$ cat coords-v5.cif   # mmCIF, C-alpha atoms
data_final
#
loop_
_atom_site.label_atom_id
_atom_site.label_comp_id
_atom_site.auth_asym_id
_atom_site.auth_seq_id
_atom_site.Cartn_x
_atom_site.Cartn_y
_atom_site.Cartn_z
CA MET I 1 -14.41 -74.99 7.07
CA LYS I 2 -12.26 -72.48 5.07
CA ARG I 3 -12.77 -68.75 5.46
CA SER I 4 -13.38 -66.67 2.35
CA THR I 5 -10.39 -64.46 1.38
CA ARG I 6 -12.23 -62.41 -1.21
CA GLY I 7 -13.05 -59.65 1.27
CA CYS I 8 -9.46 -59.43 2.46
CA GLY I 9 -8.20 -59.14 -1.12
CA CYS I 10 -10.53 -56.23 -1.83
CA ALA I 11 -9.46 -54.46 1.36
CA VAL I 12 -5.79 -54.84 0.46
CA ALA I 13 -6.45 -53.49 -3.05
CA VAL I 14 -8.25 -50.43 -1.66
CA LEU I 15 -5.41 -49.85 0.83
CA VAL I 16 -2.83 -50.02 -1.96
CA LEU I 17 -4.84 -47.54 -4.05
CA LEU I 18 -5.14 -45.15 -1.11
CA LEU I 19 -1.41 -45.38 -0.37
CA GLY I 20 -0.62 -44.77 -4.04
CA ALA I 21 -2.92 -41.75 -4.24
CA GLY I 22 -1.48 -40.36 -1.00
CA THR I 23 2.09 -40.77 -2.25
CA PHE I 24 1.21 -39.09 -5.56
CA ALA I 25 -0.45 -36.15 -3.75
CA LEU I 26 2.55 -35.79 -1.42
CA VAL I 27 5.02 -35.70 -4.30
CA LYS I 28 2.91 -33.39 -6.50
CA TRP I 29 1.62 -30.90 -3.93
CA GLY I 30 3.11 -31.63 -0.52
CA LEU I 31 6.81 -31.39 -1.34
CA PRO I 32 6.54 -28.13 -3.36
CA TRP I 33 4.55 -26.56 -0.50
CA TRP I 34 7.14 -27.76 2.02
CA ARG I 35 10.00 -26.30 0.00
CA THR I 36 8.36 -22.89 -0.49
CA ARG I 37 7.03 -22.35 3.03
CA PRO I 38 8.70 -19.49 4.93
CA PRO I 39 11.41 -20.33 7.47
CA LYS I 40 10.54 -20.49 11.14
CA PRO I 41 10.75 -17.17 13.01
CA THR I 42 14.05 -16.67 14.77
CA GLY I 43 13.28 -13.53 16.77
CA GLU I 44 10.87 -10.66 17.32
CA LEU I 45 9.08 -8.92 14.45
CA GLN I 46 8.33 -5.29 15.30
CA VAL I 47 5.47 -3.29 13.77
CA HIS I 48 5.20 0.34 14.89
CA VAL I 49 2.27 2.52 13.80
CA LEU I 50 3.75 6.01 13.99
CA ASP I 51 1.73 8.98 15.22
CA VAL I 52 1.73 11.41 12.27
CA GLY I 53 -1.63 13.02 13.07
CA PRO I 54 -3.46 14.92 14.42
CA ILE I 55 -6.09 14.53 11.66
CA GLU I 56 -4.88 12.37 8.79
CA GLY I 57 -1.63 10.65 7.92
CA ASP I 58 -0.24 7.13 7.75
CA SER I 59 3.21 5.79 8.50
CA ILE I 60 4.16 2.27 9.62
CA LEU I 61 7.63 1.04 10.55
CA ILE I 62 8.43 -2.67 10.30
CA VAL I 63 11.64 -4.11 11.77
CA SER I 64 12.38 -7.76 11.03
CA PRO I 65 14.03 -10.17 13.51
CA THR I 66 17.31 -9.69 11.64
CA GLY I 67 17.09 -5.88 11.79
CA LYS I 68 15.91 -5.12 8.24
CA SER I 69 13.64 -2.08 8.22
CA VAL I 70 10.64 -1.11 6.10
CA LEU I 71 8.85 2.24 6.26
CA ILE I 72 5.39 2.26 4.69
CA ASP I 73 4.34 5.85 3.90
CA ALA I 74 5.63 8.97 5.62
CA GLY I 75 2.63 10.97 6.80
CA ASP I 76 1.65 14.48 5.78
CA ALA I 77 3.93 17.39 4.91
CA GLY I 78 5.82 18.60 7.97
CA LYS I 79 5.76 15.18 9.66
CA GLY I 80 9.16 14.08 8.40
CA LYS I 81 10.90 15.14 11.62
CA VAL I 82 8.44 13.09 13.69
CA ILE I 83 9.33 10.01 11.62
CA LEU I 84 13.08 10.67 11.73
CA ASP I 85 12.87 11.00 15.53
CA ALA I 86 11.01 7.68 15.68
CA LEU I 87 13.67 6.00 13.52
CA LYS I 88 16.37 7.23 15.90
CA ARG I 89 14.33 5.99 18.85
CA TYR I 90 14.18 2.50 17.35
CA LYS I 91 17.87 2.66 16.38
CA ILE I 92 17.25 2.60 12.62
CA GLU I 93 20.32 3.98 10.82
CA LYS I 94 19.22 2.99 7.30
CA LEU I 95 15.90 2.09 5.67
CA ASP I 96 16.13 -1.08 3.62
CA TYR I 97 12.78 -0.32 1.99
CA PHE I 98 10.54 2.72 1.70
CA ILE I 99 7.08 1.92 0.33
CA ALA I 100 4.77 4.65 -0.98
CA THR I 101 1.30 3.11 -1.09
CA HIS I 102 -0.20 5.87 -3.24
CA PRO I 103 0.53 9.53 -4.07
CA HIS I 104 -1.64 11.43 -1.62
CA PRO I 105 -0.12 14.12 0.63
CA ASP I 106 -1.25 12.40 3.85
CA HIS I 107 0.80 9.35 2.85
CA ILE I 108 3.95 10.74 1.21
CA GLY I 109 3.85 14.41 2.19
CA GLY I 110 6.72 13.88 4.63
CA ALA I 111 8.67 11.47 2.41
CA ASP I 112 11.05 14.10 1.03
CA GLU I 113 12.17 15.10 4.53
CA VAL I 114 12.64 11.46 5.53
CA MET I 115 14.69 10.59 2.43
CA ASN I 116 16.79 13.72 2.91
CA GLY I 117 17.47 12.71 6.51
CA ILE I 118 18.30 8.99 6.30
CA LYS I 119 19.79 6.56 3.78
CA VAL I 120 17.16 4.64 1.79
CA ALA I 121 18.32 1.53 -0.09
CA ASN I 122 15.13 0.64 -2.01
CA ALA I 123 11.90 2.46 -2.84
CA ILE I 124 8.69 0.81 -4.00
CA ALA I 125 5.61 2.64 -5.35
CA ASN I 126 2.55 1.97 -7.51
CA GLY I 127 3.94 3.90 -10.48
CA VAL I 128 1.29 6.66 -10.56
CA ASP I 129 3.05 9.94 -11.43
CA LEU I 130 1.44 13.20 -10.26
CA SER I 131 4.33 15.48 -11.21
CA THR I 132 3.41 19.06 -12.05
CA PRO I 133 3.32 19.27 -15.88
CA ALA I 134 6.19 21.19 -17.47
CA PRO I 135 5.18 24.49 -19.14
CA SER I 136 4.47 24.20 -22.87
CA PRO I 137 7.00 25.94 -25.17
CA SER I 138 5.87 29.17 -26.81
CA PRO I 139 4.73 28.79 -30.45
CA THR I 140 7.30 29.99 -33.01
CA LYS I 141 6.69 31.72 -36.31
CA LYS I 142 7.24 29.78 -39.50
CA GLY I 143 10.91 29.79 -40.48
CA ALA I 144 12.08 31.19 -37.15
CA LYS I 145 14.43 29.29 -34.90
CA PRO I 146 12.73 27.76 -31.89
CA ALA I 147 13.50 29.57 -28.67
CA PRO I 148 15.64 27.65 -26.19
CA THR I 149 13.72 25.90 -23.45
CA PRO I 150 13.87 28.09 -20.35
CA ALA I 151 15.30 26.58 -17.20
CA PRO I 152 12.56 25.67 -14.71
CA VAL I 153 12.09 28.38 -12.13
CA LYS I 154 11.20 27.27 -8.63
CA SER I 155 8.20 29.18 -7.42
CA LYS I 156 7.52 29.86 -3.77
CA ALA I 157 3.83 29.31 -4.45
CA LYS I 158 2.81 25.69 -3.81
CA SER I 159 0.88 23.86 -6.50
CA VAL I 160 -1.62 21.07 -5.83
CA ASN I 161 1.02 18.48 -6.67
CA SER I 162 4.00 20.18 -5.01
CA PHE I 163 4.18 17.39 -2.44
CA PHE I 164 4.76 14.87 -5.23
CA ASP I 165 7.39 17.03 -6.96
CA GLU I 166 9.29 17.28 -3.66
CA TYR I 167 8.97 13.52 -3.05
CA LYS I 168 10.17 12.69 -6.58
CA ASP I 169 13.10 15.09 -6.32
CA ALA I 170 14.19 13.64 -2.96
CA LEU I 171 13.84 10.10 -4.33
CA GLN I 172 16.10 10.86 -7.28
CA LYS I 173 18.72 12.49 -5.04
CA SER I 174 18.61 9.69 -2.45
CA GLY I 175 20.17 7.12 -4.77
CA ALA I 176 17.56 4.56 -3.73
CA GLN I 177 16.86 1.68 -6.12
CA TYR I 178 13.32 2.35 -7.38
CA GLU I 179 10.92 -0.33 -8.52
CA LYS I 180 7.24 -0.47 -9.36
CA ALA I 181 5.11 -2.61 -7.06
CA GLU I 182 4.23 -6.02 -8.54
CA PRO I 183 1.35 -7.97 -6.95
CA GLY I 184 2.56 -11.30 -5.62
CA LYS I 185 6.23 -10.31 -5.35
CA LYS I 186 7.84 -11.30 -2.06
CA TYR I 187 10.70 -9.73 -0.14
CA ASP I 188 12.63 -11.80 2.40
CA LEU I 189 13.31 -9.59 5.41
CA GLY I 190 15.12 -12.33 7.29
CA GLY I 191 14.27 -14.25 10.44
CA GLY I 192 11.15 -15.75 8.87
CA ALA I 193 9.59 -12.38 7.94
CA ILE I 194 8.29 -12.23 4.36
CA LEU I 195 6.84 -9.04 2.87
CA THR I 196 4.29 -9.73 0.11
CA VAL I 197 2.91 -7.11 -2.30
CA LEU I 198 -0.87 -7.50 -2.73
CA ALA I 199 -1.71 -4.51 -4.96
CA PRO I 200 -2.17 -2.62 -7.23
CA THR I 201 -3.46 -4.95 -9.90
CA GLN I 202 -3.81 -4.13 -13.58
CA PRO I 203 -5.78 -2.59 -15.17
CA PHE I 204 -5.81 0.49 -12.91
CA PHE I 205 -9.10 2.08 -11.86
CA THR I 206 -10.00 5.21 -13.81
CA LYS I 207 -11.93 8.32 -12.74
CA ASP I 208 -14.96 7.17 -14.74
CA MET I 209 -15.02 3.91 -12.80
CA MET I 210 -15.04 5.79 -9.48
CA LYS I 211 -18.15 7.92 -10.10
CA GLY I 212 -19.99 6.05 -7.37
CA GLY I 213 -17.53 7.27 -4.74
CA GLY I 214 -13.84 7.35 -3.84
CA ASN I 215 -11.05 8.30 -6.19
CA ASP I 216 -8.75 6.49 -8.55
CA THR I 217 -5.55 7.44 -6.70
CA ASN I 218 -6.77 5.75 -3.52
CA ALA I 219 -8.11 2.74 -5.41
CA ASN I 220 -4.80 2.10 -7.14
#
$ encode --input "coords-v5.cif" --output "structure tokens"
Amino acid sequence: MKRSTRGCGCAVAVLVLLLGAGTFALVKWGLPWWRTRPPKPTGELQVHVLDVGPIEGDSILIVSPTGKSVLIDAGDAGKGKVILDALKRYKIEKLDYFIATHPHPDHIGGADEVMNGIKVANAIANGVDLSTPAPSPSPTKKGAKPAPTPAPVKSKAKSVNSFFDEYKDALQKSGAQYEKAEPGKKYDLGGGAILTVLAPTQPFFTKDMMKGGGNDTNAN
């Protein structure tokens, strides 16, 4: 009595289909994922949350397994020396990246002192500019020659945005390569450490959108 082979034929056909679908999925999605995955770690990744208190202030130092360094924010005004001392303690002679998350004094108030005290190769920020507006030129009478623009005079009195003016001035003098943060952009720090920018995303939040609480500078 002969056994029926119909069932076996169907099973083989299903197996072939499954193998074909698996191969297609591997080629289409598996290989690209494999090629883009980060390399295996080759050493220790250091993350140091620096004490820039006592009330408010953020500053985080990242040192990759290959020795590349990233400083995220620089605490409040007057905390630059604390950060510079910490960099010496961790044997950081140059910052590969300085990242200013947003222009508030408790985040970049000490940035000018840091950039004046150590070489910074690259600076990344969200692009929000809080520079003190330049004084408007005096109106001139019709037919008269416009008066020359007076040279800016540094005042001892601090304005609300003085911290940003000092940060911007130090950034320009540092020679660091500046770039605006782009969500999704990755930076290879070596040794398997990848730094990925998550924000800010366009369009930026406006003051009208923050009426329920918070502020647009923090949100962006």
$ atom_distance --input "coords-v5.cif" --atom1 "atom CA of Thr196 of chain I" --atom2 "atom CA of Asp58 of chain I"
19.1 Å
$ residues_around --input "coords-v5.cif" --residues "Pro183 of chain I" --least-positions-apart "5" --cutoff "9 Å" --atoms "all atoms listed in the file" --output "PyMOL selection string"
chain I and resi 196-201
$ resolve_selection --input "coords-v5.cif" --expression "the PyMOL selection byres ((chain I and resi 132) around 6)" --output "list in words"
Ser131, Pro133 and Asn161 of chain I
$ atom_distance --input "coords-v5.cif" --atom1 "atom CA of Ile194 of chain I" --atom2 "atom CA of Ala123 of chain I"
16.8 Å
$ closest_residue --input "coords-v5.cif" --among "I:Lys185, I:His107, I:Lys88, I:Lys119" --to "Phe163 of chain I" --atoms "all atoms listed in the file"
I:His107
$ closest_residue --input "coords-v5.cif" --among "I:Val70, I:Val49, I:Ile108, I:Ile55" --to "Asp188 of chain I" --atoms "only C-alpha atoms"
I:Val70
$ resolve_selection --input "coords-v5.cif" --expression "the PyMOL selection byres ((chain I and resi 190) around 12)" --output "MDAnalysis selection string"
chainID I and resid 38:45 63:69 96 186:189 191:195
$ atom_distance --input "coords-v5.cif" --atom1 "atom CA of Pro203 of chain I" --atom2 "atom CA of Gly110 of chain I"
28.6 Å
$ closest_residue --input "coords-v5.cif" --among "I:Val12, I:Ala176, I:Val128, I:Ala170" --to "Leu95 of chain I" --atoms "only C-alpha atoms"
I:Ala176
$ resolve_selection --input "coords-v5.cif" --expression "the PyMOL selection byres ((chain I and resi 50) around 9)" --output "MDAnalysis selection string"
chainID I and resid 48:49 51:53 58:61 75 82:83 86
$ write_last_selection --input "coords-v5.cif" --atoms "C-alpha atoms" --output "short mmCIF file (atom, residue, chain, number, x, y, z; two decimals), keeping the file's coordinate frame"
data_model
loop_
_atom_site.label_atom_id
_atom_site.label_comp_id
_atom_site.auth_asym_id
_atom_site.auth_seq_id
_atom_site.Cartn_x
_atom_site.Cartn_y
_atom_site.Cartn_z
CA HIS I 48 5.20 0.34 14.89
CA VAL I 49 2.27 2.52 13.80
CA ASP I 51 1.73 8.98 15.22
CA VAL I 52 1.73 11.41 12.27
CA GLY I 53 -1.63 13.02 13.07
CA ASP I 58 -0.24 7.13 7.75
CA SER I 59 3.21 5.79 8.50
CA ILE I 60 4.16 2.27 9.62
CA LEU I 61 7.63 1.04 10.55
CA GLY I 75 2.63 10.97 6.80
CA VAL I 82 8.44 13.09 13.69
CA ILE I 83 9.33 10.01 11.62
CA ALA I 86 11.01 7.68 15.68
#
$ residues_near_point --input "coords-v5.cif" --point "(13.2, 13.4, -5.3)" --cutoff "12 Å" --atoms "all atoms listed in the file" --output "list in words"
Ile108, Gly110, Ala111, Asp112, Glu113, Val114, Met115, Asn116, Val120, Ala123, Ser131, Ser162, Phe163, Phe164, Asp165, Glu166, Tyr167, Lys168, Asp169, Ala170, Leu171, Gln172, Lys173, Ser174, Gly175, Ala176 and Tyr178 of chain I
$ closest_residue --input "coords-v5.cif" --among "I:Gly20, I:Gly127, I:Gly184, I:Pro32" --to "Thr101 of chain I" --atoms "only C-alpha atoms"
I:Gly127
